[in-house]
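Trainee: I am attaching a structure below and will ask some questions about it afterwards.
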Amino acid sequence: MTDHAVVIAGGGPTGLMVAGELALAGVDVAIVERRASQDLDGSRAGGLHARTIEVLDQRGIAERFLSAGQVHPAVGFSGNVLDISDFPTRHNYVLALWQSHVERILAGWVGELAVPIYRGREVTGFAQDDTGVGVALSAGQSLRAEYLVGCDGGRSLVRKAAGIDFVGLDPSTSWMIAEVEMDEPELGMRREGGGIGPVNRAEGGGPFRVALTEGHIEHTSEPTLGDLSEALISAYGTDFGVRSPTWISRFTDMSRQAASYRHGRVLLAGDAAHVHPPHGGQGLNTGVQDAVNLGWKLAQVVNKTSPESLLDTYHAERHPVGARVLHNTMAQVALSSPDDRHQALRDTMTELLSMDEPRRRIAAMLSGLDIHYDLGEGHPLLGRRMPDLDLVTANGPLRVFTLLHDARPVLLTLGAPGGVDITPWADRVQVVDAQYVGLWELPARGAVPAPMAVLMRPDGYVAWVGDLTHLGLPDALTTWFGPPAAA
């Protein structure tokens, strides 16, 4: 039996991101992945939203993704194009990049961090006790870990074996999706959802991705090229000479969420914790942000910096985010119904979303820039993402996100240098004295008062905002980064 501090079931984007976060904190982590390589065998996500790009920027790896994709200045809500180019972030766009590339780049980063991946194997079961989790793998192998993280998709074995309820709605609609060659197809979105578009968005031409609604929800077999041809003829009157499928698959609007993201020493993230239709392109992004929320917390517990109760804040913070994603995707599915009554509703939504305030609110939600963790009353920054400001320090100019590359907490003081003493946490929290002259602005909220000091968690969210009195700072440091070290 091989021992690791943490075993991750699933090596998709969420599992890779959890692994990277743990490795940055010096945790012995390993991934179990059923695929023999990182290659994907079907349809997956096609873009990164602004907040996801920000969290990658916080780790110093955003440019790897940006150089491989194309930026677009808008998000989509049920066919409505919402411009976000006026949002106060360096990344006020969507990055068009297929999941196969996202995984390849993440796997490269995780490889640099020397995370082992057990490929061609699956988690087949586990048993947890007071000291850890015994993890059974296919082919009879077993691992032992302090914690097991299930990132093994919507059909998660880890979730099922943990007995965690998957609560929500059964499907009401089914879509067929494929990557194929076609002869001059009609490009663009359809009124009822789906449509046809080029795989290579920059160059255009084939192959093409096709998504079409199906007449039936229940299916006993995998879709075929003949099924796709019939669906194209039904929708367009022709199949555009469809041929040479790279893959054909289907998905539904099933919407379910794990009742709990934690059961003892077992945690869930990504699709294992929440599944929903792909409207708005939020699934992969929500999973990666789950990982960034969980990673530093789990690392501090494993490293004995923080008590195990810190892990409860993972569910408390991320479950509401997942529930909101389910809610807005269900709304988008309802808006895609092709009848005249729903068309009237779509027209009304289009009119509303043409106004600045509704546009900003919905676009900030879709892009993940409006996430607000409930950390109590206080400054508007509390519980929200820290803006990537251009600071001036004694050592020269510095971006805020640069301070987070090592996934360590930061106390940023913006008044007189040396005015705060956190010696009991000095081994865990970096203190940076800086100056900033400019507007403090949050997406969808606008300008906020400039703080004197800000405590940033490793995930880039603000844990404490202070003035010259530093009231509440020791409590915040203890809550998030463990008790003070003995003198």
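Residues in the structure tokens are named by chain (A, B, ... in the order shown) and by number from 1 within that chain; ligands are numbered from 1 in the order shown.
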Dump as CSV the rows for residues of range 313-420 of chain A within 10 Å of range 15-31 of chain A: closest atom pair and distance in Å with one decimal, only C-alpha atoms counted, ordered by chain and rising residue number.
Mentor:
residue,atom,partner,partner_atom,distance
A:His405,CA,A:Leu24,CA,9.1
A:Asp406,CA,A:Leu24,CA,6.4
A:Ala407,CA,A:Leu24,CA,6.7
A:Arg408,CA,A:Ala25,CA,8.1
Trainee: Could you take the residues named above and write them with C-alpha atoms, as a tab-separated table (two decimals), in the first residue's frame?
Mentor:
chain	number	residue	atom	x	y	z
A	405	HIS	CA	1.89	33.21	-6.84
A	406	ASP	CA	3.00	30.94	-3.99
A	407	ALA	CA	-0.56	30.52	-2.67
A	408	ARG	CA	0.31	32.10	0.68
Trainee: Applying 8 Å and only C-alpha atoms, which residues near His4 in chain A remain after dropping the ones on its own chain fewer than 2 positions away? List them as a list of chain:residue names.
Mentor: A:Thr2, A:Val6, A:Val7, A:Asp28, A:Val29, A:Ala30, A:Leu143, A:Arg144, A:Ala145, A:Glu146
Trainee: May I have a table of the residues of range 201-319 of chain A lying at most 7 Å from range 164-169 of chain A, giving each one's closest pair of atoms and their distance in Å to one decimal, counting only C-alpha atoms, ordered by chain and ascending residue number, as a Markdown table?
Mentor:
| residue | atom | partner | partner_atom | distance |
| --- | --- | --- | --- | --- |
| A:Met254 | CA | A:Leu169 | CA | 5.8 |
| A:Ser255 | CA | A:Leu169 | CA | 5.2 |
| A:Arg256 | CA | A:Gly168 | CA | 4.1 |
| A:Gln257 | CA | A:Phe166 | CA | 5.3 |
| A:Ala258 | CA | A:Phe166 | CA | 4.5 |
| A:Ala259 | CA | A:Asp165 | CA | 5.4 |
| A:Ser260 | CA | A:Ile164 | CA | 6.6 |
Trainee: Mind checking which residues fall within 9 Å of Leu310 in chain A, counting only C-alpha atoms, ignoring those fewer than 5 positions away in the same chain, and posting them as a PyMOL selection string?
Mentor: chain A and resi 297-298+300-301+479-480
Trainee: List every residue of range 351-392 of chain A that has an atom at most 12 Å from any atom of range 52-56 of chain A, giving for each one its closest atom pair and the distance in Å to one decimal, counting only C-alpha atoms, sorted by chain and then by ascending residue number, as a Markdown table.
Mentor:
| residue | atom | partner | partner_atom | distance |
| --- | --- | --- | --- | --- |
| A:Leu366 | CA | A:Thr52 | CA | 11.1 |
| A:Ser367 | CA | A:Thr52 | CA | 8.1 |
| A:Gly368 | CA | A:Thr52 | CA | 7.6 |
| A:Leu369 | CA | A:Thr52 | CA | 9.1 |
| A:Ile371 | CA | A:Thr52 | CA | 11.8 |
| A:Arg385 | CA | A:Glu54 | CA | 9.6 |
| A:Met386 | CA | A:Glu54 | CA | 10.2 |
| A:Pro387 | CA | A:Glu54 | CA | 9.6 |
| A:Asp388 | CA | A:Glu54 | CA | 8.6 |
Trainee: Would you pick out the contacts of Leu225 in chain A at 12 Å or less, using only C-alpha atoms, so that residues sharing its chain but fewer than 4 positions from it are not included, and give the list as a list in words?
Mentor: Met176, Ile177, Ala178, Glu179, Val180, Glu181, Val210, Ser229, Glu230, Ala231, Leu232, Asp239, Gly241, Val242, Arg243, Ser244, Pro245, Thr246, Trp247, Ile248 and Ser249 of chain A
Trainee: Enumerate, as a PyMOL selection string, the complete set of residues in range 45-231 of chain A that a backbone-based DSSP assignment places in strand (DSSP E or B).
Mentor: chain A and resi 47-48+70-72+74-77+80-83+94-96+117-119+123-128+133-137+142-150+166-169+174-181+188-189+195-198+208-213
Trainee: List the spatial neighbours of Pro458 in chain A as a PDB file with N, CA and C atoms, in the first residue's frame - criterion: any atom at most 8 Å away, only C-alpha atoms, same-chain residues fewer than 2 positions off excluded.
Mentor:
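In the end it all went to around-v5.pdb:
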ATOM      1  N   TRP A 296      -6.075  25.404  -0.509  1.00  0.00           N
ATOM      2  CA  TRP A 296      -5.274  25.991   0.580  1.00  0.00           C
ATOM      3  C   TRP A 296      -5.816  25.590   1.949  1.00  0.00           C
ATOM      4  N   LEU A 404       0.397  36.549  -4.777  1.00  0.00           N
ATOM      5  CA  LEU A 404      -0.313  35.294  -4.512  1.00  0.00           C
ATOM      6  C   LEU A 404       0.251  34.103  -5.290  1.00  0.00           C
ATOM      7  N   ALA A 407       0.644  30.961  -3.387  1.00  0.00           N
ATOM      8  CA  ALA A 407      -0.565  30.515  -2.669  1.00  0.00           C
ATOM      9  C   ALA A 407      -0.422  30.671  -1.157  1.00  0.00           C
ATOM     10  N   ARG A 408       0.182  31.785  -0.748  1.00  0.00           N
ATOM     11  CA  ARG A 408       0.310  32.099   0.676  1.00  0.00           C
ATOM     12  C   ARG A 408      -0.525  33.326   1.004  1.00  0.00           C
ATOM     13  N   PRO A 409      -1.071  33.414   2.235  1.00  0.00           N
ATOM     14  CA  PRO A 409      -1.831  34.603   2.615  1.00  0.00           C
ATOM     15  C   PRO A 409      -0.944  35.833   2.705  1.00  0.00           C
ATOM     16  N   VAL A 410      -1.575  37.002   2.495  1.00  0.00           N
ATOM     17  CA  VAL A 410      -0.837  38.262   2.476  1.00  0.00           C
ATOM     18  C   VAL A 410      -1.606  39.309   3.278  1.00  0.00           C
ATOM     19  N   MET A 456      -5.506  39.097   2.695  1.00  0.00           N
ATOM     20  CA  MET A 456      -5.899  38.276   1.554  1.00  0.00           C
ATOM     21  C   MET A 456      -5.643  36.796   1.832  1.00  0.00           C
ATOM     22  N   GLY A 460      -7.301  34.555  -2.992  1.00  0.00           N
ATOM     23  CA  GLY A 460      -7.496  35.903  -3.509  1.00  0.00           C
ATOM     24  C   GLY A 460      -8.709  36.616  -2.946  1.00  0.00           C
ATOM     25  N   TYR A 461      -9.407  36.005  -1.993  1.00  0.00           N
ATOM     26  CA  TYR A 461     -10.563  36.651  -1.375  1.00  0.00           C
ATOM     27  C   TYR A 461     -10.148  37.348  -0.077  1.00  0.00           C
TER      28      TYR A 461
END
Trainee: Env of Val432 in chain A: 9 Å cut, atoms = only C-alpha atoms, seq-sep filter 3 positions within chain, self excluded. Answer as a list of chain:residue names.
Mentor: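 Within the cut-off, the hits are A:Thr393, A:Leu403, A:Val410, A:Leu411, A:Leu412, A:Thr413, A:Leu414, A:Pro417.
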Trainee: Measuring atom to atom with only C-alpha atoms, identify which of A:Asp340, A:Asp467, A:Asp271, A:Glu308 is nearest to Val454 in chain A.
Mentor: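 Checking each candidate against Val454 in chain A, we get A:Asp467 as the closest.
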Trainee: I'd like the contact shell of Ala364 in chain A - 12 Å cut-off, only C-alpha atoms, skipping same-chain residues fewer than 2 positions apart - returned as a ChimeraX atom specification.
Mentor: /A:49-51,74-77,82-89,92-94,280,356-362,366-372,442-446
Trainee: Check the DSSP output for the backbone and give back, as number ranges by chain, the residues of range 332-375 of chain A in alpha helix (DSSP H).
Mentor: A: 332-335, 340-353, 356-367
Trainee: Selection from above, N, CA and C atoms, as a PDB file, in the first residue's frame, can you write it?
Mentor:
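File written: again-v5.pdb
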ATOM      1  N   GLN A 332     -31.895  29.633 -17.994  1.00  0.00           N
ATOM      2  CA  GLN A 332     -31.526  29.719 -19.406  1.00  0.00           C
ATOM      3  C   GLN A 332     -32.170  28.610 -20.225  1.00  0.00           C
ATOM      4  N   VAL A 333     -32.291  27.414 -19.650  1.00  0.00           N
ATOM      5  CA  VAL A 333     -32.982  26.336 -20.343  1.00  0.00           C
ATOM      6  C   VAL A 333     -34.443  26.712 -20.567  1.00  0.00           C
ATOM      7  N   ALA A 334     -35.083  27.259 -19.545  1.00  0.00           N
ATOM      8  CA  ALA A 334     -36.485  27.661 -19.688  1.00  0.00           C
ATOM      9  C   ALA A 334     -36.639  28.713 -20.778  1.00  0.00           C
ATOM     10  N   LEU A 335     -35.701  29.652 -20.838  1.00  0.00           N
ATOM     11  CA  LEU A 335     -35.774  30.712 -21.846  1.00  0.00           C
ATOM     12  C   LEU A 335     -35.546  30.191 -23.260  1.00  0.00           C
ATOM     13  N   ASP A 340     -44.199  30.445 -28.471  1.00  0.00           N
ATOM     14  CA  ASP A 340     -44.399  31.898 -28.534  1.00  0.00           C
ATOM     15  C   ASP A 340     -44.393  32.553 -27.155  1.00  0.00           C
ATOM     16  N   ARG A 341     -44.914  31.871 -26.133  1.00  0.00           N
ATOM     17  CA  ARG A 341     -44.920  32.469 -24.801  1.00  0.00           C
ATOM     18  C   ARG A 341     -43.504  32.672 -24.275  1.00  0.00           C
ATOM     19  N   HIS A 342     -42.654  31.658 -24.493  1.00  0.00           N
ATOM     20  CA  HIS A 342     -41.264  31.812 -24.059  1.00  0.00           C
ATOM     21  C   HIS A 342     -40.518  32.816 -24.939  1.00  0.00           C
ATOM     22  N   GLN A 343     -40.936  32.957 -26.200  1.00  0.00           N
ATOM     23  CA  GLN A 343     -40.329  33.987 -27.040  1.00  0.00           C
ATOM     24  C   GLN A 343     -40.633  35.370 -26.487  1.00  0.00           C
ATOM     25  N   ALA A 344     -41.863  35.565 -25.982  1.00  0.00           N
ATOM     26  CA  ALA A 344     -42.201  36.845 -25.361  1.00  0.00           C
ATOM     27  C   ALA A 344     -41.338  37.092 -24.128  1.00  0.00           C
ATOM     28  N   LEU A 345     -41.092  36.029 -23.355  1.00  0.00           N
ATOM     29  CA  LEU A 345     -40.230  36.157 -22.180  1.00  0.00           C
ATOM     30  C   LEU A 345     -38.798  36.476 -22.595  1.00  0.00           C
ATOM     31  N   ARG A 346     -38.325  35.814 -23.670  1.00  0.00           N
ATOM     32  CA  ARG A 346     -36.970  36.108 -24.161  1.00  0.00           C
ATOM     33  C   ARG A 346     -36.857  37.556 -24.616  1.00  0.00           C
ATOM     34  N   ASP A 347     -37.874  38.038 -25.307  1.00  0.00           N
ATOM     35  CA  ASP A 347     -37.858  39.433 -25.768  1.00  0.00           C
ATOM     36  C   ASP A 347     -37.770  40.390 -24.582  1.00  0.00           C
ATOM     37  N   THR A 348     -38.514  40.081 -23.517  1.00  0.00           N
ATOM     38  CA  THR A 348     -38.483  40.917 -22.321  1.00  0.00           C
ATOM     39  C   THR A 348     -37.100  40.888 -21.677  1.00  0.00           C
ATOM     40  N   MET A 349     -36.503  39.684 -21.577  1.00  0.00           N
ATOM     41  CA  MET A 349     -35.162  39.570 -20.999  1.00  0.00           C
ATOM     42  C   MET A 349     -34.132  40.304 -21.854  1.00  0.00           C
ATOM     43  N   THR A 350     -34.264  40.211 -23.161  1.00  0.00           N
ATOM     44  CA  THR A 350     -33.338  40.916 -24.049  1.00  0.00           C
ATOM     45  C   THR A 350     -33.416  42.415 -23.824  1.00  0.00           C
ATOM     46  N   GLU A 351     -34.642  42.931 -23.661  1.00  0.00           N
ATOM     47  CA  GLU A 351     -34.817  44.364 -23.402  1.00  0.00           C
ATOM     48  C   GLU A 351     -34.182  44.755 -22.072  1.00  0.00           C
ATOM     49  N   LEU A 352     -34.404  43.935 -21.043  1.00  0.00           N
ATOM     50  CA  LEU A 352     -33.819  44.227 -19.736  1.00  0.00           C
ATOM     51  C   LEU A 352     -32.297  44.206 -19.796  1.00  0.00           C
ATOM     52  N   LEU A 353     -31.745  43.190 -20.464  1.00  0.00           N
ATOM     53  CA  LEU A 353     -30.293  43.025 -20.484  1.00  0.00           C
ATOM     54  C   LEU A 353     -29.595  44.031 -21.390  1.00  0.00           C
ATOM     55  N   ASP A 356     -27.804  48.924 -18.667  1.00  0.00           N
ATOM     56  CA  ASP A 356     -26.496  48.748 -18.042  1.00  0.00           C
ATOM     57  C   ASP A 356     -26.538  47.961 -16.740  1.00  0.00           C
ATOM     58  N   GLU A 357     -27.449  48.318 -15.821  1.00  0.00           N
ATOM     59  CA  GLU A 357     -27.440  47.672 -14.514  1.00  0.00           C
ATOM     60  C   GLU A 357     -27.749  46.174 -14.601  1.00  0.00           C
ATOM     61  N   PRO A 358     -28.830  45.747 -15.300  1.00  0.00           N
ATOM     62  CA  PRO A 358     -29.054  44.296 -15.435  1.00  0.00           C
ATOM     63  C   PRO A 358     -27.905  43.594 -16.159  1.00  0.00           C
ATOM     64  N   ARG A 359     -27.358  44.233 -17.190  1.00  0.00           N
ATOM     65  CA  ARG A 359     -26.213  43.631 -17.910  1.00  0.00           C
ATOM     66  C   ARG A 359     -25.055  43.377 -16.968  1.00  0.00           C
ATOM     67  N   ARG A 360     -24.707  44.396 -16.168  1.00  0.00           N
ATOM     68  CA  ARG A 360     -23.565  44.253 -15.272  1.00  0.00           C
ATOM     69  C   ARG A 360     -23.803  43.156 -14.242  1.00  0.00           C
ATOM     70  N   ARG A 361     -25.002  43.080 -13.699  1.00  0.00           N
ATOM     71  CA  ARG A 361     -25.288  42.087 -12.664  1.00  0.00           C
ATOM     72  C   ARG A 361     -25.228  40.660 -13.210  1.00  0.00           C
ATOM     73  N   ILE A 362     -25.901  40.417 -14.323  1.00  0.00           N
ATOM     74  CA  ILE A 362     -25.918  39.064 -14.882  1.00  0.00           C
ATOM     75  C   ILE A 362     -24.544  38.685 -15.415  1.00  0.00           C
ATOM     76  N   ALA A 363     -23.862  39.600 -16.072  1.00  0.00           N
ATOM     77  CA  ALA A 363     -22.532  39.304 -16.619  1.00  0.00           C
ATOM     78  C   ALA A 363     -21.520  39.044 -15.509  1.00  0.00           C
ATOM     79  N   ALA A 364     -21.604  39.792 -14.410  1.00  0.00           N
ATOM     80  CA  ALA A 364     -20.687  39.565 -13.288  1.00  0.00           C
ATOM     81  C   ALA A 364     -20.947  38.203 -12.662  1.00  0.00           C
ATOM     82  N   MET A 365     -22.211  37.782 -12.619  1.00  0.00           N
ATOM     83  CA  MET A 365     -22.540  36.453 -12.089  1.00  0.00           C
ATOM     84  C   MET A 365     -21.954  35.368 -12.981  1.00  0.00           C
ATOM     85  N   LEU A 366     -22.169  35.464 -14.288  1.00  0.00           N
ATOM     86  CA  LEU A 366     -21.684  34.438 -15.211  1.00  0.00           C
ATOM     87  C   LEU A 366     -20.157  34.360 -15.208  1.00  0.00           C
ATOM     88  N   SER A 367     -19.496  35.501 -15.103  1.00  0.00           N
ATOM     89  CA  SER A 367     -18.036  35.532 -15.166  1.00  0.00           C
ATOM     90  C   SER A 367     -17.388  35.188 -13.830  1.00  0.00           C
TER      91      SER A 367
END
Trainee: Calculated over only C-alpha atoms, which of the candidates A:His72, A:His470, A:His219, A:Arg428 has the smallest distance to Arg201 in chain A?
Mentor: A:His72
